[in-house]
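Student: Starting off with a structure, shown below.
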Amino acid sequence: MVCTLNKNTTTTDAGGAATISAVPSDIIQTHILTCLDGPSLASAASTCSQLNILSSEEHLWIKICNSTWPSTNTPRVRNIISTFFNSSRSFFSDCSSTVTALASNRHRKNIDSTPEILSAVDLFYRKKIVLSRVVETETESGWFRCSPFRIDILDPKDTVETSMDYPREDEACEKLEEELSLSWIVIDTKGKRAVNVSSGKPVSVNRHWLTGDVQVRFATVLHGGEKGSAKEATVCSLLVTFGKEMQVREMCFQVEDMDGNQLNGRDSLGILQRALEGGRKRLRNGKEGKERYVEFVKKKMERKDRKLRRERRLDILCVTVAALSVAAFSTLFLS
């Protein structure tokens with residue numbers, strides 16, 4: 001958007017071009033700004049001081065947040081967003097881009113500063129909402145901190161019906177990767193920050209060979225360390241399981257390290273704290289999250305192979321030393 005209109009307007013600048021000031025503010029807000037999505041509204045705010053003021057109206061950003069993430073329209077989430085520095089505008093800025101790297105360990109907060117996290121989850125099929133839930137998770141108990149980290153959106157006996165067709169062919173599974181999208185926003189209620197830990201589009205869609213369930217994985221790879229080294233890389237893994245009637249049977253969030261180990265609550269909370277403070281960027285396309293995950297899996301397999309080779313060499317060395325020891329002992333005994 002530019003701050004000029006056509007030459008038929010009554011207010012012009014020195015060059016003869018009409019300026020945005022020629023348009024009444026209520027017309028701009030009612031008929032222009034309300035038609036913009038989040039990125040476009042943010043761009044409009046950076047064009048001139050008048051649009052910056054008009055684009056900062058809270059009701060515009062509330063509408064954008066609610067339309068982008070229906071779960072934010074719940075009273076609990078709305079109340080928390082209102083406490084953010086710039087309310088809904090700050091929340092949108094936090095959640096509309098993907099984490100690129102974890103904040104440095106030197107700036108890591110004490111985990112006691114985050115007594116609770118909120119998960120605002122929205123699942124879409126062909127851009128229509130399938131499931132929208134908000135789940136609160138306490139983080140102070142010994143059970144949470146010592147047990148494997150896992151947040152479940154649905155109760156064990158709870159299911160959500162959908163209008164989706166069962167993907168019987170591989171091509172149908174690939175099509176699901178394009179048609180499904182997921183937003184999983186983690187909110188630090190005390191720190192007044194939020195982060196979207198989902199890749200947006202699935203990184204894999206598979207049919208279970210025995211049960212026939214369709215397992216859809218969304219994942220965001222987080223690189224830590226001062227230089228974002230792969231050594232400290234972790235992945236936020238979000239698994240959605242559909243039954244044979246394509247009803248949503250399970251939706252969970254786990255954190256996994258480069259060795260394939262599921263982190264406990266304490267370590268996962270530390271990762272989420274650093275993700276909340278980490279760098280962000282907007283993905284180039286819907287497949288970038290999958291590309292990063294595929295690269296993560298490749299490095300994980302390479303790491304596993306190196307570990308196995310070291311263990312095999314160690315085993316051979318131990319067997320060789322043992323054989324030499326037996327031979328030496330036998331020689332001494334026979335002599």
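FYI, nothing fancy with the structure tokens labels: chains A, B, ... in order, residues from 1 per chain, ligands from 1 as they appear.
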Please identify all polymer residues within 7 Å of A:Arg150, counting only C-alpha atoms, omitting same-chain residues fewer than 2 positions from it, and present them as JSON, numbers by chain.

Tutor: {"A": [148, 152, 252, 253, 254]}

Student: Quick one: DSSP strand (DSSP E) residues in stretch 72-203 of chain A, as a compact mmCIF listing (two decimals) with C-alpha atoms, in the first residue's frame?

Tutor:
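That gives us states.txt:
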```
# COMPACT_ATOMS: atom_id res chain seq x y z
CA THR A 98 8.31 -19.32 12.68
CA VAL A 99 11.08 -19.63 15.26
CA THR A 100 14.46 -19.82 13.53
CA ALA A 101 16.74 -20.29 16.55
CA GLU A 116 1.68 -22.34 33.39
CA ILE A 117 1.55 -22.53 29.61
CA LEU A 118 -1.51 -22.27 27.42
CA SER A 119 -1.94 -24.12 24.12
CA ALA A 120 -4.24 -22.46 21.56
CA VAL A 121 -4.73 -25.04 18.80
CA ASP A 122 -6.50 -24.73 15.44
CA LEU A 123 -6.66 -27.47 12.80
CA PHE A 124 -7.84 -26.56 9.28
CA TYR A 125 -8.87 -28.64 6.27
CA LYS A 128 -11.97 -24.43 7.03
CA ILE A 129 -11.72 -25.01 10.76
CA VAL A 130 -11.90 -28.65 11.86
CA LEU A 131 -10.91 -28.35 15.50
CA SER A 132 -10.24 -25.42 17.81
CA ARG A 133 -9.24 -25.95 21.43
CA VAL A 134 -7.46 -24.21 24.32
CA VAL A 135 -5.63 -26.35 26.88
CA GLU A 136 -3.96 -25.18 30.09
CA THR A 137 -0.86 -27.02 31.35
CA GLU A 138 0.64 -26.45 34.77
CA ILE A 151 0.39 -32.13 25.85
CA ASP A 152 -2.82 -33.81 24.69
CA LEU A 180 -4.33 -29.67 6.04
CA SER A 181 -2.79 -26.96 8.18
CA LEU A 182 -2.25 -26.62 11.92
CA SER A 183 -1.52 -23.76 14.28
CA TRP A 184 -0.28 -24.66 17.77
CA ILE A 185 0.40 -21.51 19.76
CA VAL A 186 2.14 -21.83 23.13
CA ILE A 187 1.43 -18.86 25.40
CA ASP A 188 3.49 -17.92 28.44
CA ARG A 193 4.85 -13.92 25.07
CA ALA A 194 3.61 -16.46 22.54
CA VAL A 195 5.15 -18.71 19.90
CA ASN A 196 3.68 -20.88 17.15
```

Student: May I ask which of the residues A:His59, A:Arg266, A:Arg207, A:Arg249 is the closest one to A:Phe144, counting only C-alpha atoms?

Tutor: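 Going through A:His59, A:Arg266, A:Arg207, A:Arg249 one by one, the smallest distance to A:Phe144 is for A:Arg266.
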
Student: Pick out the residues sitting within 9 Å of A:Thr159, and hand them over as JSON, numbers by chain; count only C-alpha atoms, and ignore anything fewer than 2 positions along from it in its own chain.

Tutor: {"A": [154, 155, 156, 157, 161, 247, 248, 249, 250]}

Student: Please list as an mmCIF file with all heavy atoms, in the first residue's frame every residue within 8 Å of A:Ser237, counting only C-alpha atoms and excluding residues in the same chain fewer than 4 positions away.

Tutor:
```
data_model
loop_
_atom_site.group_PDB
_atom_site.id
_atom_site.type_symbol
_atom_site.label_atom_id
_atom_site.label_comp_id
_atom_site.auth_asym_id
_atom_site.auth_seq_id
_atom_site.Cartn_x
_atom_site.Cartn_y
_atom_site.Cartn_z
ATOM 1 N N ARG A 217 1.959 -35.616 10.777
ATOM 2 C CA ARG A 217 2.951 -34.978 11.653
ATOM 3 C C ARG A 217 3.250 -33.554 11.185
ATOM 4 O O ARG A 217 3.502 -33.312 10.000
ATOM 5 C CB ARG A 217 4.251 -35.790 11.685
ATOM 6 C CG ARG A 217 5.278 -35.255 12.685
ATOM 7 C CD ARG A 217 6.551 -36.093 12.660
ATOM 8 N NE ARG A 217 6.274 -37.469 13.022
ATOM 9 C CZ ARG A 217 6.212 -37.924 14.275
ATOM 10 N NH1 ARG A 217 6.410 -37.084 15.287
ATOM 11 N NH2 ARG A 217 5.968 -39.186 14.521
ATOM 12 N N PHE A 218 3.203 -32.635 12.132
ATOM 13 C CA PHE A 218 3.671 -31.272 11.929
ATOM 14 C C PHE A 218 4.892 -31.106 12.836
ATOM 15 O O PHE A 218 4.918 -31.652 13.943
ATOM 16 C CB PHE A 218 2.608 -30.255 12.317
ATOM 17 C CG PHE A 218 1.306 -30.395 11.554
ATOM 18 C CD1 PHE A 218 0.364 -31.360 11.917
ATOM 19 C CD2 PHE A 218 1.021 -29.560 10.493
ATOM 20 C CE1 PHE A 218 -0.835 -31.489 11.223
ATOM 21 C CE2 PHE A 218 -0.175 -29.674 9.794
ATOM 22 C CZ PHE A 218 -1.101 -30.635 10.162
ATOM 23 N N ALA A 219 5.886 -30.367 12.408
ATOM 24 C CA ALA A 219 7.101 -30.274 13.220
ATOM 25 C C ALA A 219 7.850 -28.984 12.939
ATOM 26 O O ALA A 219 7.898 -28.508 11.799
ATOM 27 C CB ALA A 219 8.011 -31.472 12.961
ATOM 28 N N THR A 220 8.437 -28.425 13.991
ATOM 29 C CA THR A 220 9.305 -27.262 13.855
ATOM 30 C C THR A 220 10.655 -27.594 14.475
ATOM 31 O O THR A 220 10.731 -27.994 15.643
ATOM 32 C CB THR A 220 8.700 -26.034 14.559
ATOM 33 O OG1 THR A 220 7.497 -25.650 13.887
ATOM 34 C CG2 THR A 220 9.672 -24.864 14.531
ATOM 35 N N PHE A 253 1.545 -33.022 21.540
ATOM 36 C CA PHE A 253 2.753 -32.215 21.346
ATOM 37 C C PHE A 253 3.862 -32.804 22.202
ATOM 38 O O PHE A 253 3.696 -33.008 23.406
ATOM 39 C CB PHE A 253 2.449 -30.762 21.732
ATOM 40 C CG PHE A 253 3.639 -29.851 21.801
ATOM 41 C CD1 PHE A 253 4.779 -30.065 21.038
ATOM 42 C CD2 PHE A 253 3.606 -28.731 22.621
ATOM 43 C CE1 PHE A 253 5.870 -29.207 21.101
ATOM 44 C CE2 PHE A 253 4.675 -27.856 22.694
ATOM 45 C CZ PHE A 253 5.814 -28.101 21.927
ATOM 46 N N GLN A 254 5.013 -33.091 21.566
ATOM 47 C CA GLN A 254 6.175 -33.615 22.270
ATOM 48 C C GLN A 254 7.425 -32.891 21.778
ATOM 49 O O GLN A 254 7.420 -32.293 20.706
ATOM 50 C CB GLN A 254 6.313 -35.122 22.038
ATOM 51 C CG GLN A 254 5.137 -35.935 22.570
ATOM 52 C CD GLN A 254 5.216 -37.402 22.176
ATOM 53 O OE1 GLN A 254 5.605 -37.724 21.054
ATOM 54 N NE2 GLN A 254 4.836 -38.281 23.086
ATOM 55 N N VAL A 255 8.501 -32.964 22.563
ATOM 56 C CA VAL A 255 9.777 -32.364 22.175
ATOM 57 C C VAL A 255 10.835 -33.461 22.160
ATOM 58 O O VAL A 255 10.957 -34.236 23.110
ATOM 59 C CB VAL A 255 10.195 -31.237 23.145
ATOM 60 C CG1 VAL A 255 11.521 -30.622 22.709
ATOM 61 C CG2 VAL A 255 9.110 -30.164 23.201
ATOM 62 N N GLU A 256 11.589 -33.527 21.070
ATOM 63 C CA GLU A 256 12.554 -34.611 20.850
ATOM 64 C C GLU A 256 13.918 -34.036 20.517
ATOM 65 O O GLU A 256 14.023 -33.010 19.838
ATOM 66 C CB GLU A 256 12.040 -35.466 19.684
ATOM 67 C CG GLU A 256 12.837 -36.692 19.357
ATOM 68 C CD GLU A 256 12.232 -37.444 18.191
ATOM 69 O OE1 GLU A 256 11.054 -37.839 18.296
ATOM 70 O OE2 GLU A 256 12.911 -37.612 17.164
#
```

Student: Taking only C-alpha atoms into account, produce a table as CSV in which each residue of stretch 209-315 of chain A with an atom at most 10 Å from an atom of stretch 71-94 of chain A appears once, together with its shortest atom pair and the distance in Å to one decimal, ordered by chain and rising number.

Tutor:
```
residue,atom,partner,partner_atom,distance
A:Leu276,CA,A:Asp94,CA,8.3
A:Glu277,CA,A:Asp94,CA,9.6
A:Gly279,CA,A:Asp94,CA,10.0
A:Arg280,CA,A:Asp94,CA,8.0
A:Lys281,CA,A:Asp94,CA,9.9
```

Student: Output the selection as a JSON list (two decimals), in the first residue's frame - N, CA, C and O atoms for each residue.

Tutor:
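part11.json, freshly written:
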```json
[["chain", "number", "residue", "atom", "x", "y", "z"],
["A", 276, "LEU", "N", 10.37, -18.85, 22.97],
["A", 276, "LEU", "CA", 9.57, -17.64, 23.14],
["A", 276, "LEU", "C", 10.41, -16.39, 22.95],
["A", 276, "LEU", "O", 9.92, -15.36, 22.49],
["A", 277, "GLU", "N", 11.70, -16.48, 23.29],
["A", 277, "GLU", "CA", 12.59, -15.32, 23.18],
["A", 277, "GLU", "C", 13.47, -15.38, 21.94],
["A", 277, "GLU", "O", 14.27, -14.49, 21.69],
["A", 279, "GLY", "N", 14.71, -15.95, 17.74],
["A", 279, "GLY", "CA", 14.48, -15.22, 16.50],
["A", 279, "GLY", "C", 13.33, -15.81, 15.71],
["A", 279, "GLY", "O", 13.03, -17.00, 15.81],
["A", 280, "ARG", "N", 12.67, -14.97, 14.92],
["A", 280, "ARG", "CA", 11.53, -15.39, 14.11],
["A", 280, "ARG", "C", 11.72, -14.99, 12.66],
["A", 280, "ARG", "O", 12.44, -14.04, 12.35],
["A", 281, "LYS", "N", 11.06, -15.72, 11.77],
["A", 281, "LYS", "CA", 11.00, -15.30, 10.37],
["A", 281, "LYS", "C", 9.76, -15.91, 9.73],
["A", 281, "LYS", "O", 9.23, -16.91, 10.20]]
```

Student: Per DSSP on the backbone, what are the alpha helix (DSSP H) residues of stretch 6-223 of chain A, as a ChimeraX atom specification?

Tutor: /A:25-27,38-45,49-54,58-68,75-81,87-95,142-146,170-179

Student: Pick from A:Thr189, A:Ser97, A:Pro167, A:Gly200: nearest to A:Gln215, with only C-alpha atoms counted?

Tutor: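 The shortest atom-to-atom distance to A:Gln215 comes from A:Pro167.
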
Student: Calculate how many Å separate atom CA of A:Ala45 from atom CA of A:Gly278, rounding to one decimal.

Tutor: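 Going from atom CA of A:Ala45 over to atom CA of A:Gly278, I get 24.2 Å.
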
Student: Excluding same-chain residues fewer than 5 positions from stretch 231-236 of chain A, what lies within 10 Å of it counting only C-alpha atoms, as JSON, numbers by chain?

Tutor: {"A": [101, 102, 197, 198, 199, 218, 219, 220, 221, 222, 223, 224, 225, 253, 254, 255, 256, 257, 258, 259, 260, 261, 262, 263, 268, 271, 272, 293, 296, 297, 299, 300, 303]}

Student: Please report the interatomic distance between atom CA of A:Gln29 and atom CA of A:Lys192 in Å with one decimal.

Tutor: 27.9 Å

Student: So how far away is atom CA of A:Asn52 from atom CA of A:Val23, in Å?

Tutor: 14.9 Å
